[in-house]
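Step one of this worksheet: look at the structure below.
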Amino acid sequence: MIDFLKRFSRNRGALIGALILITVVLLAVFAPLIYPDSPWKMVQRPFLPPFSTEGLPLGTDTLGRDVAAGLVYGARVSLIVGLVSTLVALLIGVPLGAFAGFYGGLIDDGAMRFTEFFQTIPNFALAIVLVAILEPTLPTITLAIAIVSWPPVARLVRAEVLSLRKREFVEAARLAGLSNTRILFGHVLPNAMSPIIVMASLMVATAILLESSLSFLGLGDPNIMSWGYMIGAARTVIRSAWWLSFIPGVAILLTVLALNLIGEGLNDALNPRLARKGR
Amino acid sequence: MKNLFTASLLSLGLAFPAMAQDAGGRLDIVVQPEPPSLMLGLVQNGPTQLVAGDIYESLLRYDTDLNPQPSLAKSWEISDDGMTYTFNLHEGVTWHDGEPFTSEDVVFSVDTFLRETHARLRVSLQHVDTITAPDDHTVVFKMKNPFGPFIGVFEAGTMPMVPKHIYEGTDFANNPANNTPIGTGPFKFKEWQKGSYIHLVKNEDYYLDGQPYLDEVYYRVIPDAASRAVAFENGEVDVLPGGSVENWDVKRLTEMDNVCSTGKGWEYFAPHAMAWMNNREGPTANKNFRKAVMYAMDREFVRDVIWNGFGKVATSPVSSKTNFYTDDTIMYDQDVEKAKELLAEAGYDGEPVRILPLPYGETWQRWAEAMKQNLKEVGINSEVVATDVAGWNQKQAEWDFDIAFTYLYQYGDPALGVARSYLSSNIAKGSPWNNVAGYANEEVDAMFAEAAVAPTTEARQEIYTEIQKQLVDDVPVAWLLEIEFPTIYRCDVQDLVTTAIGVNDGLRDAWIKQ
């Protein structure tokens, strides 16, 4: 663990990413303490620019709602959607890929054709269709994102398991009389963990982007203040109040960038032998 | 546009020296969306009325106070018992193909053509016994019973005159002449480039001397709202009729140099924004709860912020622009304390109500959000339902809502545009345009029936005042705003909006200051 932290912190980008992410997480967790009022509350004149009014550091939006409050509450939505949908995607993708890779044969064929079926449909189009059919609420949006993002996980896990299952330690475990399931979940999968963790961190970033794009198109949950909603609602006034789309846009950019930096840092830290030369 | 300069100078010399109007020039007007047809007798949706209102005319026009004005009829008389309407037509009026326009055309248009094709007019024609043409320039309508609103139906979109010599004995809907509309109006149809523009030119033989003043008009089809705003900004179009740009752009456009705007020209339609409240079930079935909703809303904020100050807070089922409005009713100004008291009386237990916004763009979405916040402040829990146009229609038609936004036209008279939303006989699943709230009150039903056929204006006013008092106390729906869709235009365009239907028939009198 100490080793891992040492290696991780050697990557300056990853450190910055972690710092940004921790800030966002803290803001999201303590949102109700920082802004006890609802982010939908109309607090002042609409269209106040940032830094012009005391107590409203980022100004107000088209209806006079506090942009800073919206940003903080939006962080909660983005993080929750990102994390939960990634977890759900892992829950589908990891077992499917693991069984396919470990057992091979017909099971592998069946699982991979099923995965390919999902991979042939463009992600975003499928997400839009799912949300439109299910009616946009927070759970359906999370589910839709999970459904479009699990296939790469299954592919990755299958490839890892395929290469691991012929290793000596697996043969040894088999000789020791362990059952297939125990070998797979107790010995093979733990060894495939590092690429899965790296991929998951990037998937959270993608999920946040997907959620924002959906709300931007008006397919968000209309009762939840999210960053995508803020940009979508401000789009019509972009000529007169550009900052209303710019501020949440920067929030998305920073969060997604942070997650990507962390992902890269994790990659380096978890695969020391693959780490870039010269380090 | 510039090469017409000499021509307009010439015609200036020929026009009446006493009149100040400059003749000549071309006007570019946005039409959104592209109309499906220009045959006003068959199609009466908004964009068709906008363009075809220059081609077709009716017997009367209405000023912005809804007083009848001469159009094809130069004068008219209503008998004291309200049973006979006599119209004297202008002489020397011709159709665009040169045939003379006579009273026979009126009888054919109303009694044969429109009775078959025009559902809204047909309802009013039920009160008409006979339509006759004693001579070429006189038309007489004999009624079965007095019907006060009847003087309000002689508007171009409600009763357009169509040429008998073209349509008599044909299949109206499939007549090839529908593609080249022939009317009596100030402008003739010239060309329609689908997806691009509709070109109308001056009717040189128009029966009013010197009119119309403009030489030609282009109705431009620009599908994207932002592009329409840009087209106006860079001078490509001169007029943005109401509703053709997003509300948020209105402020920016009206602040430009040499740009004027007016909220007038919608008095005949008087779009009345309201929210159906489900009178059948849920918290909204309780009258005190509905009153609490009225007291909770800050409608002035909505008018000022979301509608840029255009419009007027609606205080009654009848628009203040429509005849027979009264302000002698309960006024629901925002009052949080009162709303809370009423909620306590209603025994509201915090059950969330569903708000169904109108899926017509950002304006309405913001409006639903503002309402949700207003309700929250008095302690009503609510959630906004996400929907599209089809879903909105279906949810209203199936009564699957608690509070649902809508707006309805009033057509100048409570009997034509108001009664339909409150009559218990008009409760039927399957349409979002009838008594969707499910309000049923026999007294009100009887009063509406009586008011429609009461012989005098005074008698009607008395009954409609009673109806409004009763309805405002029962709050079957939440009245929100008398919407004004601002018409935005260059200030050198003069007399553009002078009637109750605005740009629709405004080009007869419009002129450009040279």
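In the structure tokens, chains take letters A, B, ... by order of appearance, with residues numbered from 1 within each chain and ligands from 1 in the order shown.
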Please list as a list in words every residue within 9 Å of Val93 of chain B, counting only C-alpha atoms and excluding residues in the same chain fewer than 2 positions away. Leu72, Leu89, His90, Glu91, Trp95, Glu99, Pro100, Phe101, Thr102, Thr184, Asp205, Tyr206 and Tyr207 of chain B
Set out as JSON lines a contact list for chain A and chain B with a cut-off of 10 Å, giving each residue of chain A that qualifies its closest atom pair and distance in Å to one decimal, counting only C-alpha atoms, ordered by chain and rising residue number.
```
{"residue": "A:Ser38", "atom": "CA", "partner": "B:Gln373", "partner_atom": "CA", "distance": 9.1}
{"residue": "A:Trp40", "atom": "CA", "partner": "B:Gln373", "partner_atom": "CA", "distance": 6.7}
{"residue": "A:Lys41", "atom": "CA", "partner": "B:Gln373", "partner_atom": "CA", "distance": 6.3}
{"residue": "A:Met42", "atom": "CA", "partner": "B:Gln373", "partner_atom": "CA", "distance": 7.8}
{"residue": "A:Arg45", "atom": "CA", "partner": "B:Val305", "partner_atom": "CA", "distance": 8.8}
{"residue": "A:Pro46", "atom": "CA", "partner": "B:Val305", "partner_atom": "CA", "distance": 7.4}
{"residue": "A:Phe47", "atom": "CA", "partner": "B:Val305", "partner_atom": "CA", "distance": 9.9}
{"residue": "A:Thr62", "atom": "CA", "partner": "B:Val305", "partner_atom": "CA", "distance": 7.9}
{"residue": "A:Leu63", "atom": "CA", "partner": "B:Val305", "partner_atom": "CA", "distance": 6.9}
{"residue": "A:Gly64", "atom": "CA", "partner": "B:Val305", "partner_atom": "CA", "distance": 8.8}
{"residue": "A:Ala132", "atom": "CA", "partner": "B:Thr387", "partner_atom": "CA", "distance": 9.1}
{"residue": "A:Glu135", "atom": "CA", "partner": "B:Ala386", "partner_atom": "CA", "distance": 7.0}
{"residue": "A:Pro136", "atom": "CA", "partner": "B:Ala386", "partner_atom": "CA", "distance": 6.6}
{"residue": "A:Thr137", "atom": "CA", "partner": "B:Ala386", "partner_atom": "CA", "distance": 8.5}
{"residue": "A:Gly218", "atom": "CA", "partner": "B:Ala386", "partner_atom": "CA", "distance": 8.6}
{"residue": "A:Leu219", "atom": "CA", "partner": "B:Ala386", "partner_atom": "CA", "distance": 7.8}
{"residue": "A:Gly220", "atom": "CA", "partner": "B:Ala386", "partner_atom": "CA", "distance": 8.3}
{"residue": "A:Asp221", "atom": "CA", "partner": "B:Ala386", "partner_atom": "CA", "distance": 7.2}
{"residue": "A:Pro222", "atom": "CA", "partner": "B:Val384", "partner_atom": "CA", "distance": 6.0}
{"residue": "A:Asn223", "atom": "CA", "partner": "B:Val384", "partner_atom": "CA", "distance": 6.0}
{"residue": "A:Ile224", "atom": "CA", "partner": "B:Val384", "partner_atom": "CA", "distance": 9.7}
{"residue": "A:Gly232", "atom": "CA", "partner": "B:Glu362", "partner_atom": "CA", "distance": 9.3}
{"residue": "A:Ala233", "atom": "CA", "partner": "B:Glu362", "partner_atom": "CA", "distance": 7.0}
{"residue": "A:Ala234", "atom": "CA", "partner": "B:Glu362", "partner_atom": "CA", "distance": 9.5}
{"residue": "A:Arg235", "atom": "CA", "partner": "B:Glu362", "partner_atom": "CA", "distance": 9.7}
{"residue": "A:Thr236", "atom": "CA", "partner": "B:Trp248", "partner_atom": "CA", "distance": 6.8}
{"residue": "A:Val237", "atom": "CA", "partner": "B:Trp248", "partner_atom": "CA", "distance": 6.2}
{"residue": "A:Ile238", "atom": "CA", "partner": "B:Trp248", "partner_atom": "CA", "distance": 9.8}
{"residue": "A:Arg239", "atom": "CA", "partner": "B:Asp249", "partner_atom": "CA", "distance": 8.7}
{"residue": "A:Ser240", "atom": "CA", "partner": "B:Arg252", "partner_atom": "CA", "distance": 7.6}
```
Shell of 12 Å around segment 282-287 of chain B, only C-alpha atoms, local chain residues under 6 positions omitted, as an MDAnalysis selection string: chainID B and resid 275:276 293:294 342:355 380:382 399:404 437:440 471:478
Assign secondary structure with DSSP using the backbone only, and return the residues of segment 200-406 of chain B in strand (DSSP E or B) as a PyMOL selection string. chain B and resi 200-202+216-221+239-240+259-262+272-277+312-313+353-356+382-384+403-406
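The smallest atom-to-atom distance between Ala89 of chain A and any of A:Leu27, A:Ala18, A:Met199, A:Leu178, using only C-alpha atoms, is found for A:Met199.
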All residues 8 Å or closer to Thr86 of chain B, only C-alpha atoms, same chain fewer than 6 positions away omitted, as a ChimeraX atom specification: /B:76-78,138-141
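From atom CA of Val29 of chain A back to atom CA of Tyr73 of chain A, the distance works out to 9.1 Å.
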Among B:Ala510, B:Val153, B:Ala339, B:Ile29, Phe269 of chain B is approached most closely, using only C-alpha atoms, by B:Val153
Need the shell around segment 259-268 of chain A: protein/DNA/RNA residues with any atom at most 9 Å away, counting only C-alpha atoms. Skip same-chain ones fewer than 6 positions apart. Format as an MDAnalysis selection string? chainID A and resid 4 7:18 20:21 194:195 197:205 274:276
Would you put the residues from that selection into a file with C-alpha atoms, as a PDB file, in the first residue's frame?
```
ATOM      1  CA  PHE A   4       1.483   2.033  -4.237  1.00  0.00           C
ATOM      2  CA  ARG A   7       4.382   5.328  -7.013  1.00  0.00           C
ATOM      3  CA  PHE A   8       1.065   7.144  -7.421  1.00  0.00           C
ATOM      4  CA  SER A   9       2.369  10.375  -5.951  1.00  0.00           C
ATOM      5  CA  ARG A  10       5.384  10.301  -8.247  1.00  0.00           C
ATOM      6  CA  ASN A  11       2.897  11.207 -11.043  1.00  0.00           C
ATOM      7  CA  ARG A  12       2.274  14.925 -10.547  1.00  0.00           C
ATOM      8  CA  GLY A  13      -0.773  14.958 -12.862  1.00  0.00           C
ATOM      9  CA  ALA A  14      -2.417  12.245 -10.834  1.00  0.00           C
ATOM     10  CA  LEU A  15      -1.843  14.189  -7.633  1.00  0.00           C
ATOM     11  CA  ILE A  16      -3.477  17.306  -9.068  1.00  0.00           C
ATOM     12  CA  GLY A  17      -6.353  15.150 -10.306  1.00  0.00           C
ATOM     13  CA  ALA A  18      -6.805  13.638  -6.863  1.00  0.00           C
ATOM     14  CA  ILE A  20      -9.494  18.371  -7.636  1.00  0.00           C
ATOM     15  CA  LEU A  21     -11.609  15.274  -7.153  1.00  0.00           C
ATOM     16  CA  SER A 194      -5.522  -3.425 -11.754  1.00  0.00           C
ATOM     17  CA  PRO A 195      -6.742  -2.863 -15.337  1.00  0.00           C
ATOM     18  CA  ILE A 197      -9.709  -0.328 -11.518  1.00  0.00           C
ATOM     19  CA  VAL A 198      -8.052   1.896 -14.113  1.00  0.00           C
ATOM     20  CA  MET A 199     -10.904   1.368 -16.523  1.00  0.00           C
ATOM     21  CA  ALA A 200     -13.508   2.048 -13.833  1.00  0.00           C
ATOM     22  CA  SER A 201     -11.979   5.408 -12.998  1.00  0.00           C
ATOM     23  CA  LEU A 202     -12.225   6.407 -16.660  1.00  0.00           C
ATOM     24  CA  MET A 203     -15.777   5.058 -16.861  1.00  0.00           C
ATOM     25  CA  VAL A 204     -16.869   7.381 -14.058  1.00  0.00           C
ATOM     26  CA  ALA A 205     -15.641  10.284 -16.167  1.00  0.00           C
ATOM     27  CA  LEU A 274       4.631  -0.995 -17.615  1.00  0.00           C
ATOM     28  CA  ALA A 275       5.344   2.446 -16.236  1.00  0.00           C
ATOM     29  CA  ARG A 276       6.985   4.811 -18.625  1.00  0.00           C
TER      30      ARG A 276
END
```
